[in-house]
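Engineer: PDB, C-alpha atoms, pLDDT in the B column, file final-v5.pdb:
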```
ATOM      1  CA  MET M   8      -2.998   8.013 -11.103  1.00 92.00           C
ATOM      2  CA  LYS M   9       0.513   7.955 -12.523  1.00 95.00           C
ATOM      3  CA  TYR M  10       3.379   5.890 -11.146  1.00 97.00           C
ATOM      4  CA  VAL M  11       6.853   7.389 -11.262  1.00 97.00           C
ATOM      5  CA  TYR M  12      10.065   5.653 -10.304  1.00 96.00           C
ATOM      6  CA  ALA M  13      13.786   6.155  -9.848  1.00 96.00           C
ATOM      7  CA  SER M  14      15.974   3.095 -10.169  1.00 93.00           C
ATOM      8  CA  ARG M  15      19.748   2.905  -9.986  1.00 86.00           C
ATOM      9  CA  SER M  16      20.379  -0.848  -9.901  1.00 86.00           C
ATOM     10  CA  GLY M  17      17.175  -1.908 -11.666  1.00 88.00           C
ATOM     11  CA  LYS M  18      15.439  -3.346  -8.603  1.00 90.00           C
ATOM     12  CA  THR M  19      12.934  -0.510  -8.231  1.00 92.00           C
ATOM     13  CA  GLU M  20      12.185  -0.714 -11.950  1.00 93.00           C
ATOM     14  CA  LYS M  21      11.647  -4.482 -11.617  1.00 92.00           C
ATOM     15  CA  LEU M  22       9.281  -3.892  -8.692  1.00 92.00           C
ATOM     16  CA  VAL M  23       7.196  -1.476 -10.777  1.00 94.00           C
ATOM     17  CA  GLN M  24       7.101  -3.984 -13.638  1.00 93.00           C
ATOM     18  CA  ASP M  25       6.236  -6.895 -11.317  1.00 91.00           C
ATOM     19  CA  LEU M  26       3.283  -4.860 -10.036  1.00 92.00           C
ATOM     20  CA  GLY M  27       2.079  -4.515 -13.626  1.00 92.00           C
ATOM     21  CA  LEU M  28       2.359  -0.727 -13.610  1.00 93.00           C
ATOM     22  CA  GLU M  29       3.221   1.519 -16.526  1.00 91.00           C
ATOM     23  CA  GLY M  30       5.751   3.627 -14.708  1.00 92.00           C
ATOM     24  CA  ILE M  31       7.443   6.799 -15.812  1.00 95.00           C
ATOM     25  CA  LYS M  32      11.165   6.659 -15.139  1.00 96.00           C
ATOM     26  CA  ILE M  33      12.973   9.592 -13.564  1.00 97.00           C
ATOM     27  CA  ASN M  34      16.146   9.993 -15.621  1.00 95.00           C
ATOM     28  CA  ASP M  35      17.610  13.311 -14.536  1.00 95.00           C
ATOM     29  CA  GLY M  36      14.989  14.957 -12.323  1.00 96.00           C
ATOM     30  CA  SER M  37      13.825  17.484 -14.910  1.00 96.00           C
ATOM     31  CA  GLU M  38      10.714  15.470 -15.822  1.00 96.00           C
ATOM     32  CA  VAL M  39       7.364  17.160 -15.216  1.00 95.00           C
ATOM     33  CA  ILE M  40       4.223  15.196 -14.330  1.00 92.00           C
ATOM     34  CA  GLY M  41       1.104  17.319 -14.515  1.00 92.00           C
ATOM     35  CA  GLU M  42      -1.108  15.039 -12.440  1.00 95.00           C
ATOM     36  CA  ASP M  43      -1.221  13.035  -9.232  1.00 97.00           C
ATOM     37  CA  PHE M  44       1.360  10.274  -8.853  1.00 98.00           C
ATOM     38  CA  ILE M  45       2.830   7.729  -6.495  1.00 97.00           C
ATOM     39  CA  LEU M  46       6.616   7.728  -6.334  1.00 98.00           C
ATOM     40  CA  PHE M  47       8.782   4.602  -6.161  1.00 97.00           C
ATOM     41  CA  THR M  48      12.358   5.338  -5.158  1.00 96.00           C
ATOM     42  CA  TYR M  49      15.482   3.702  -3.888  1.00 92.00           C
ATOM     43  CA  THR M  50      17.411   5.056  -0.921  1.00 89.00           C
ATOM     44  CA  ASP M  51      20.824   6.462  -1.755  1.00 84.00           C
ATOM     45  CA  GLY M  52      23.963   5.994   0.305  1.00 78.00           C
ATOM     46  CA  HIS M  53      23.163   5.763   3.977  1.00 78.00           C
ATOM     47  CA  GLY M  54      19.568   6.911   4.127  1.00 81.00           C
ATOM     48  CA  ILE M  55      19.267   9.859   1.753  1.00 87.00           C
ATOM     49  CA  VAL M  56      16.868  10.731  -1.031  1.00 94.00           C
ATOM     50  CA  PRO M  57      18.612  10.392  -4.400  1.00 94.00           C
ATOM     51  CA  PRO M  58      19.551  13.800  -5.869  1.00 96.00           C
ATOM     52  CA  THR M  59      17.569  13.179  -9.069  1.00 96.00           C
ATOM     53  CA  VAL M  60      14.474  12.473  -6.960  1.00 97.00           C
ATOM     54  CA  VAL M  61      15.049  15.677  -4.966  1.00 97.00           C
ATOM     55  CA  ASP M  62      15.193  17.606  -8.261  1.00 97.00           C
ATOM     56  CA  PHE M  63      12.099  15.818  -9.563  1.00 98.00           C
ATOM     57  CA  LEU M  64      10.130  16.643  -6.424  1.00 98.00           C
ATOM     58  CA  LYS M  65      11.070  20.332  -6.650  1.00 96.00           C
ATOM     59  CA  ASN M  66       9.077  20.430  -9.898  1.00 93.00           C
ATOM     60  CA  ASN M  67       6.369  17.925  -9.005  1.00 97.00           C
ATOM     61  CA  GLY M  68       6.003  17.760  -5.230  1.00 96.00           C
ATOM     62  CA  ALA M  69       2.540  19.314  -5.250  1.00 97.00           C
ATOM     63  CA  ASN M  70       1.179  16.223  -7.024  1.00 97.00           C
ATOM     64  CA  ILE M  71       2.744  13.432  -4.963  1.00 98.00           C
ATOM     65  CA  LYS M  72       0.144  11.260  -3.236  1.00 97.00           C
ATOM     66  CA  GLY M  73       2.362   8.587  -1.727  1.00 97.00           C
ATOM     67  CA  VAL M  74       5.743   6.916  -1.820  1.00 98.00           C
ATOM     68  CA  VAL M  75       7.175   3.402  -1.923  1.00 96.00           C
ATOM     69  CA  ALA M  76      10.822   2.990  -0.955  1.00 94.00           C
ATOM     70  CA  THR M  77      13.222   0.233  -1.824  1.00 91.00           C
ATOM     71  CA  GLY M  78      16.486  -0.645  -0.158  1.00 83.00           C
ATOM     72  CA  ASN M  79      18.829  -3.374   0.961  1.00 79.00           C
ATOM     73  CA  LEU M  80      17.974  -4.518   4.464  1.00 67.00           C
ATOM     74  CA  GLU M  81      21.110  -6.633   4.832  1.00 67.00           C
ATOM     75  CA  ARG M  82      23.583  -3.912   3.780  1.00 63.00           C
ATOM     76  CA  HIS M  83      21.802  -0.860   5.195  1.00 59.00           C
ATOM     77  CA  GLY M  84      19.652  -2.095   8.057  1.00 58.00           C
ATOM     78  CA  ASP M  85      20.177   1.058  10.107  1.00 66.00           C
ATOM     79  CA  THR M  86      19.013   3.366   7.274  1.00 66.00           C
ATOM     80  CA  TYR M  87      16.755   0.930   5.429  1.00 75.00           C
ATOM     81  CA  CYS M  88      14.373   2.753   3.066  1.00 85.00           C
ATOM     82  CA  PHE M  89      14.881   6.100   4.818  1.00 89.00           C
ATOM     83  CA  ALA M  90      14.153   7.928   1.533  1.00 92.00           C
ATOM     84  CA  GLY M  91      10.516   6.861   1.921  1.00 94.00           C
ATOM     85  CA  ASP M  92      10.339   8.199   5.471  1.00 94.00           C
ATOM     86  CA  ILE M  93      11.955  11.503   4.483  1.00 95.00           C
ATOM     87  CA  ILE M  94       9.663  12.056   1.489  1.00 97.00           C
ATOM     88  CA  ALA M  95       6.531  10.989   3.389  1.00 97.00           C
ATOM     89  CA  LYS M  96       7.285  13.452   6.170  1.00 97.00           C
ATOM     90  CA  GLU M  97       8.321  16.341   3.916  1.00 96.00           C
ATOM     91  CA  TYR M  98       5.297  16.047   1.619  1.00 97.00           C
ATOM     92  CA  ASN M  99       2.812  14.770   4.210  1.00 98.00           C
ATOM     93  CA  VAL M 100       1.941  11.642   2.226  1.00 98.00           C
ATOM     94  CA  PRO M 101       1.798   7.973   3.186  1.00 97.00           C
ATOM     95  CA  CYS M 102       4.715   5.620   2.729  1.00 96.00           C
ATOM     96  CA  TYR M 103       2.876   2.636   1.259  1.00 95.00           C
ATOM     97  CA  GLY M 104       5.760   0.239   1.556  1.00 92.00           C
ATOM     98  CA  LYS M 105       9.399  -0.423   2.308  1.00 92.00           C
ATOM     99  CA  ILE M 106      10.614  -3.138   0.005  1.00 89.00           C
ATOM    100  CA  ASP M 107      13.842  -5.126   0.226  1.00 86.00           C
ATOM    101  CA  GLY M 108      15.282  -5.215  -3.302  1.00 78.00           C
ATOM    102  CA  ALA M 109      12.495  -5.842  -5.803  1.00 80.00           C
ATOM    103  CA  GLY M 110      10.320  -7.615  -3.229  1.00 82.00           C
ATOM    104  CA  ASP M 111       8.849 -11.061  -3.668  1.00 82.00           C
ATOM    105  CA  LYS M 112       5.482 -12.536  -4.571  1.00 84.00           C
ATOM    106  CA  ASP M 113       3.922 -12.128  -1.108  1.00 86.00           C
ATOM    107  CA  VAL M 114       5.339  -8.667  -0.380  1.00 85.00           C
ATOM    108  CA  ASN M 115       4.351  -7.402  -3.812  1.00 82.00           C
ATOM    109  CA  ALA M 116       0.818  -8.812  -3.481  1.00 87.00           C
ATOM    110  CA  LYS M 117       0.385  -6.926  -0.197  1.00 87.00           C
ATOM    111  CA  LEU M 118       1.737  -3.738  -1.773  1.00 87.00           C
ATOM    112  CA  LYS M 119      -0.690  -4.098  -4.688  1.00 86.00           C
ATOM    113  CA  ALA M 120      -3.555  -4.372  -2.213  1.00 87.00           C
ATOM    114  CA  ASP M 121      -2.293  -1.386  -0.197  1.00 86.00           C
ATOM    115  CA  LEU M 122      -2.143   0.667  -3.401  1.00 86.00           C
ATOM    116  CA  GLY M 123      -5.629  -0.462  -4.415  1.00 85.00           C
ATOM    117  CA  LEU M 124      -4.445  -2.169  -7.601  1.00 85.00           C
TER     118      LEU M 124
END
```
Can I see the file as structure tokens?
Structural biologist:
Amino acid sequence: MKYVYASRSGKTEKLVQDLGLEGIKINDGSEVIGEDFILFTYTDGHGIVPPTVVDFLKNNGANIKGVVATGNLERHGDTYCFAGDIIAKEYNVPCYGKIDGAGDKDVNAKLKADLGL
């Protein structure tokens, strides 16, 4: 299983690193992953999927097996981690977690268990 991530502020990237995963970073959405993957993404603006992630999924959506969303609960409580909900629904995959920022030790340990790591 591959792990792919999009990170604007670095928090999603830190989460992937804290989980001990070798993640593939989405830079511009043109990347192609020829195998199954779990996507880690931030939520853009007020509850939308980042445009680079939309582009990435156009090329790779057939291989997505799950999503983890990050967000800022304090600043965007009403649309917190909506990108995960949108992607999970559109691609019929589980949303394994909604993480505030880069998470913390306890949250990340639970996510590791949920992902079977």
Engineer: Apply the PyMOL selection byres ((chain M and resi 70-73) around 7) to the structure shown and report the selected residues as number ranges by chain.
Structural biologist: M: 42-46, 67-69, 74, 100-103
Engineer: Skip M:Ala76 itself and residues of its chain fewer than 2 positions away, then list as a ChimeraX atom specification all residues within 7 Å of it, counting only C-alpha atoms.
Structural biologist: /M:47-50,74,78,88,90-91,104-106
Engineer: How would the residues just picked look written out with C-alpha atoms as a CSV table (one decimal), in the frame of the given file?
Structural biologist:
```csv
chain,number,residue,atom,x,y,z
M,47,PHE,CA,8.8,4.6,-6.2
M,48,THR,CA,12.4,5.3,-5.2
M,49,TYR,CA,15.5,3.7,-3.9
M,50,THR,CA,17.4,5.1,-0.9
M,74,VAL,CA,5.7,6.9,-1.8
M,78,GLY,CA,16.5,-0.6,-0.2
M,88,CYS,CA,14.4,2.8,3.1
M,90,ALA,CA,14.2,7.9,1.5
M,91,GLY,CA,10.5,6.9,1.9
M,104,GLY,CA,5.8,0.2,1.6
M,105,LYS,CA,9.4,-0.4,2.3
M,106,ILE,CA,10.6,-3.1,0.0
```
Engineer: Rank nothing, just name the residue among M:Ile40, M:Lys21, M:Gly27, M:Tyr87 nearest to M:His53, using only C-alpha atoms.
Structural biologist: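 Using only C-alpha atoms, the shortest distance to M:His53 belongs to M:Tyr87.
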Engineer: Smallest atom-to-atom distance to M:Gly52: which of M:Phe89, M:Glu38, M:Lys18, M:Tyr98, using only C-alpha atoms?
Structural biologist: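 Smallest distance to M:Gly52 is found for M:Phe89.
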Engineer: Suppose you want the space between atom CA of M:Lys119 and atom CA of M:Leu22; what is it in Å?
Structural biologist: 10.7 Å
Engineer: Just give me the gap between atom CA of M:Asp62 and atom CA of M:Leu28 in Å, one decimal is fine.
Structural biologist: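 Separation of atom CA of M:Asp62 and atom CA of M:Leu28: 23.0 Å.
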